[in-house]
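Written out below as C-alpha cells is the structure these notes cover.
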Amino acid sequence: MFEVGLIRVITLDDPKQLNIHGRLIEALYPNIAVESACIPDQPEGIHSFEMSREAVPKIVELACEKFAHKDMILVSCADDPALEEIRAALPGMPVTGGGECTVAAALRYGQNIGVLGIIDQAPKAYRRILEGRLVGNYRPEGVHSTLDLQTEEGYEACIATACKMAEDGCDVIALGCTGLATIGIAAELERVSGLPVVDPVVAMGAFVSLEAARAMRRSEL
C-alpha cells in the first residue's frame, strides 16, 4: 500500500469533511491509503495572499511532524502553498499540490485553458505553467471563498460561469479551488459546458498513482 499524507488548508472539525478529498482519491485509485490532517486557525481556508503567507509555516510544520514517514505528501490547495518549503525541509519526499497537478492534467485535454476559481487571479501554478495558453480566470458571481461554494447560490453561479467559459473559447476548464472537488461539481460542469473539466483532487490522485508506480518499479530493481 502506498501511503499518502494529505494536508487540508482549511480548519475542519468534522471528520467526514476533513477526509473527503482523501476518500475520493482512495475510491478512484487502488492501493493508495490517504491520511488527512488540517492546519489550525484557518476557518476560511486560503483566498488571499495574506492568508497564504499565514498558512505556509503551519503547513510545513504539519508536514514535518505528522507526515514525514509517508511515501508522499499532498497539499490540497490549488494555490500550492508551502510546496517548496516542504521539499526543502524533507529532501527526497515526493510533494505536490492541487495547482501543479491540475495544470498538467488540463494540458492533456487542450491548449486554451480557462480557470474557474474563487479569487480574481489564477493561482500561481496556473499562471506560471499556462503562459500564453490561459484564456482567462473566472470567479463565479458572489463567490469569494471556499465556503461560498457550499451554498446553493454558489453552486448555481459556478454552473453559469462554466457556460460563459465555453462561450469565450475555452477548450478545457481547470478548477482553481479544491473546494470545488468537495462539492463534487466537475461532472455537472462538464454536462452544461460540453468541455472537459479537471478536478484538482482527482488530478492529485493521478499523480499519486504515478508516483506509486515509480516506487513499485524501483523496488523491483
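Note on naming: chains are A, B, ... as they come in the C-alpha cells, residues start from 1 per chain, ligands start from 1 in the order shown.
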Members of stretch 75-117 of chain A assigned strand (DSSP E) by DSSP, as a list of chain:residue names: A:Val75, A:Ser76, A:Val95, A:Thr96, A:Gly97, A:Ile113, A:Gly114, A:Val115, A:Leu116
Can you tell me, as a tab-separated table (two decimals) with C-alpha atoms, in the first residue's frame, what residues are no more than 6 Å from stretch 129-136 of chain A when counting only C-alpha atoms, ignoring any on the same chain fewer than 6 positions away?
chain	number	residue	atom	x	y	z
A	111	GLN	CA	-4.40	24.36	-25.15
A	112	ASN	CA	-6.96	27.09	-24.40
A	113	ILE	CA	-7.39	26.75	-20.66
A	114	GLY	CA	-9.89	28.59	-18.52
Shell around stretch 44-46 of chain A at 10 Å using only C-alpha atoms, local window under 3 positions removed, as number ranges by chain: A: 8-12, 38-41, 49-55, 77-79, 81, 118-119, 145-148, 177, 179
Spatial neighbours of stretch 90-92 of chain A, 12 Å, only C-alpha atoms, chain gap at least 6 places, as a PDB file with C-alpha atoms, in the first residue's frame:
ATOM      1  CA  VAL A  60       5.329  22.953   6.788  1.00  0.00           C
ATOM      2  CA  GLU A  61       5.074  22.169  10.496  1.00  0.00           C
ATOM      3  CA  LEU A  62       2.207  19.749   9.916  1.00  0.00           C
ATOM      4  CA  ALA A  63       4.051  18.019   7.070  1.00  0.00           C
ATOM      5  CA  CYS A  64       7.187  17.538   9.137  1.00  0.00           C
ATOM      6  CA  GLU A  65       5.503  16.486  12.369  1.00  0.00           C
ATOM      7  CA  PHE A  67       3.704  13.033   7.532  1.00  0.00           C
ATOM      8  CA  ALA A  68       7.496  12.748   7.348  1.00  0.00           C
ATOM      9  CA  HIS A  69       7.172   8.938   7.343  1.00  0.00           C
ATOM     10  CA  LYS A  70       4.710   8.811   4.438  1.00  0.00           C
ATOM     11  CA  ASP A  71       5.510   7.831   0.851  1.00  0.00           C
ATOM     12  CA  MET A  72       4.176  11.138  -0.485  1.00  0.00           C
ATOM     13  CA  ILE A  73       2.645  14.405   0.736  1.00  0.00           C
ATOM     14  CA  ALA A  82       4.416  25.665   1.015  1.00  0.00           C
ATOM     15  CA  LEU A  83       5.405  23.102  -1.621  1.00  0.00           C
ATOM     16  CA  GLU A  84       8.942  24.405  -1.973  1.00  0.00           C
TER      17      GLU A  84
END
Secondary structure check, helix (DSSP H, G or I) residues of stretch 3-211 of chain A, as a VMD selection string: chain A and resid 15 to 28 49 to 66 83 to 89 98 to 109 124 to 129 146 to 150 152 to 167 179 to 182 186 to 193 200 to 211
Could those residues be written to a file, using C-alpha atoms, as an mmCIF file, in the first residue's frame?
data_model
loop_
_atom_site.group_PDB
_atom_site.id
_atom_site.type_symbol
_atom_site.label_atom_id
_atom_site.label_comp_id
_atom_site.auth_asym_id
_atom_site.auth_seq_id
_atom_site.Cartn_x
_atom_site.Cartn_y
_atom_site.Cartn_z
ATOM 1 C CA PRO A 15 -14.020 14.095 10.245
ATOM 2 C CA LYS A 16 -16.172 13.483 7.168
ATOM 3 C CA GLN A 17 -15.316 16.891 5.735
ATOM 4 C CA LEU A 18 -11.671 16.511 6.705
ATOM 5 C CA ASN A 19 -11.336 13.186 4.896
ATOM 6 C CA ILE A 20 -13.459 13.873 1.822
ATOM 7 C CA HIS A 21 -10.516 14.545 -0.521
ATOM 8 C CA GLY A 22 -8.562 11.545 0.695
ATOM 9 C CA ARG A 23 -11.567 9.255 0.361
ATOM 10 C CA LEU A 24 -12.125 10.474 -3.194
ATOM 11 C CA ILE A 25 -8.531 9.586 -4.107
ATOM 12 C CA GLU A 26 -8.810 6.166 -2.445
ATOM 13 C CA ALA A 27 -12.059 5.431 -4.294
ATOM 14 C CA LEU A 28 -10.589 6.261 -7.699
ATOM 15 C CA PHE A 49 -2.014 36.453 -0.289
ATOM 16 C CA GLU A 50 -2.145 37.279 3.402
ATOM 17 C CA MET A 51 -3.939 34.032 4.224
ATOM 18 C CA SER A 52 -1.426 32.054 2.188
ATOM 19 C CA ARG A 53 1.501 33.704 3.956
ATOM 20 C CA GLU A 54 -0.074 32.921 7.319
ATOM 21 C CA ALA A 55 -0.730 29.308 6.331
ATOM 22 C CA VAL A 56 2.716 28.382 4.960
ATOM 23 C CA PRO A 57 4.539 27.804 8.283
ATOM 24 C CA LYS A 58 1.561 25.845 9.609
ATOM 25 C CA ILE A 59 1.595 23.603 6.539
ATOM 26 C CA VAL A 60 5.329 22.953 6.788
ATOM 27 C CA GLU A 61 5.074 22.169 10.496
ATOM 28 C CA LEU A 62 2.207 19.749 9.916
ATOM 29 C CA ALA A 63 4.051 18.019 7.070
ATOM 30 C CA CYS A 64 7.187 17.538 9.137
ATOM 31 C CA GLU A 65 5.503 16.486 12.369
ATOM 32 C CA LYS A 66 2.778 14.208 11.017
ATOM 33 C CA LEU A 83 5.405 23.102 -1.621
ATOM 34 C CA GLU A 84 8.942 24.405 -1.973
ATOM 35 C CA GLU A 85 9.289 24.802 1.781
ATOM 36 C CA ILE A 86 8.207 21.200 2.412
ATOM 37 C CA ARG A 87 10.584 19.938 -0.268
ATOM 38 C CA ALA A 88 13.422 21.822 1.391
ATOM 39 C CA ALA A 89 12.501 20.508 4.844
ATOM 40 C CA GLY A 98 -3.647 20.768 -6.441
ATOM 41 C CA GLY A 99 -2.385 23.516 -8.731
ATOM 42 C CA GLU A 100 0.584 21.733 -10.306
ATOM 43 C CA CYS A 101 -1.427 18.583 -10.898
ATOM 44 C CA THR A 102 -4.475 20.341 -12.323
ATOM 45 C CA VAL A 103 -2.476 22.361 -14.846
ATOM 46 C CA ALA A 104 -0.514 19.337 -16.046
ATOM 47 C CA ALA A 105 -3.710 17.343 -16.485
ATOM 48 C CA ALA A 106 -5.526 20.219 -18.223
ATOM 49 C CA LEU A 107 -2.866 20.373 -20.936
ATOM 50 C CA ARG A 108 -3.707 16.774 -21.785
ATOM 51 C CA TYR A 109 -7.128 17.933 -22.991
ATOM 52 C CA LYS A 124 0.399 30.863 -9.252
ATOM 53 C CA ALA A 125 0.994 27.431 -10.812
ATOM 54 C CA TYR A 126 -1.684 28.129 -13.412
ATOM 55 C CA ARG A 127 -0.140 31.471 -14.348
ATOM 56 C CA ARG A 128 3.394 30.086 -14.462
ATOM 57 C CA ILE A 129 2.758 26.954 -16.496
ATOM 58 C CA THR A 146 -14.405 28.003 -0.444
ATOM 59 C CA LEU A 147 -17.333 28.365 1.980
ATOM 60 C CA ASP A 148 -19.380 30.189 -0.675
ATOM 61 C CA LEU A 149 -19.140 27.134 -2.925
ATOM 62 C CA GLN A 150 -21.189 25.134 -0.456
ATOM 63 C CA GLU A 152 -26.998 26.806 -3.496
ATOM 64 C CA GLU A 153 -26.238 30.259 -4.892
ATOM 65 C CA GLY A 154 -22.541 29.452 -5.187
ATOM 66 C CA TYR A 155 -23.244 26.169 -6.966
ATOM 67 C CA GLU A 156 -25.550 27.814 -9.496
ATOM 68 C CA ALA A 157 -23.048 30.625 -10.073
ATOM 69 C CA CYS A 158 -20.405 28.015 -10.940
ATOM 70 C CA ILE A 159 -22.761 26.456 -13.482
ATOM 71 C CA ALA A 160 -23.384 29.818 -15.137
ATOM 72 C CA THR A 161 -19.670 30.576 -15.187
ATOM 73 C CA ALA A 162 -18.815 27.282 -16.894
ATOM 74 C CA CYS A 163 -21.258 28.095 -19.693
ATOM 75 C CA LYS A 164 -19.649 31.523 -20.100
ATOM 76 C CA MET A 165 -16.219 29.909 -20.331
ATOM 77 C CA ALA A 166 -17.362 27.707 -23.207
ATOM 78 C CA GLU A 167 -18.746 30.779 -24.997
ATOM 79 C CA GLY A 179 -13.319 23.271 -2.621
ATOM 80 C CA LEU A 180 -14.921 22.581 -5.989
ATOM 81 C CA ALA A 181 -13.902 18.953 -5.518
ATOM 82 C CA THR A 182 -15.526 18.987 -2.093
ATOM 83 C CA ALA A 186 -16.983 18.636 -12.036
ATOM 84 C CA ALA A 187 -19.337 16.210 -13.791
ATOM 85 C CA GLU A 188 -22.174 18.750 -13.825
ATOM 86 C CA LEU A 189 -19.870 21.439 -15.195
ATOM 87 C CA GLU A 190 -18.864 19.072 -17.995
ATOM 88 C CA ARG A 191 -22.513 18.384 -18.772
ATOM 89 C CA VAL A 192 -23.585 22.017 -19.008
ATOM 90 C CA SER A 193 -20.477 23.344 -20.771
ATOM 91 C CA PRO A 200 -7.760 19.231 -8.577
ATOM 92 C CA VAL A 201 -8.236 16.322 -6.186
ATOM 93 C CA VAL A 202 -8.720 13.804 -8.976
ATOM 94 C CA ALA A 203 -5.610 15.246 -10.657
ATOM 95 C CA MET A 204 -3.587 14.898 -7.448
ATOM 96 C CA GLY A 205 -4.698 11.283 -7.218
ATOM 97 C CA ALA A 206 -3.423 10.634 -10.732
ATOM 98 C CA PHE A 207 -0.001 11.919 -9.763
ATOM 99 C CA VAL A 208 -0.021 9.832 -6.590
ATOM 100 C CA SER A 209 -0.780 6.793 -8.731
ATOM 101 C CA LEU A 210 2.152 7.655 -10.991
ATOM 102 C CA GLU A 211 4.483 8.062 -8.006
#
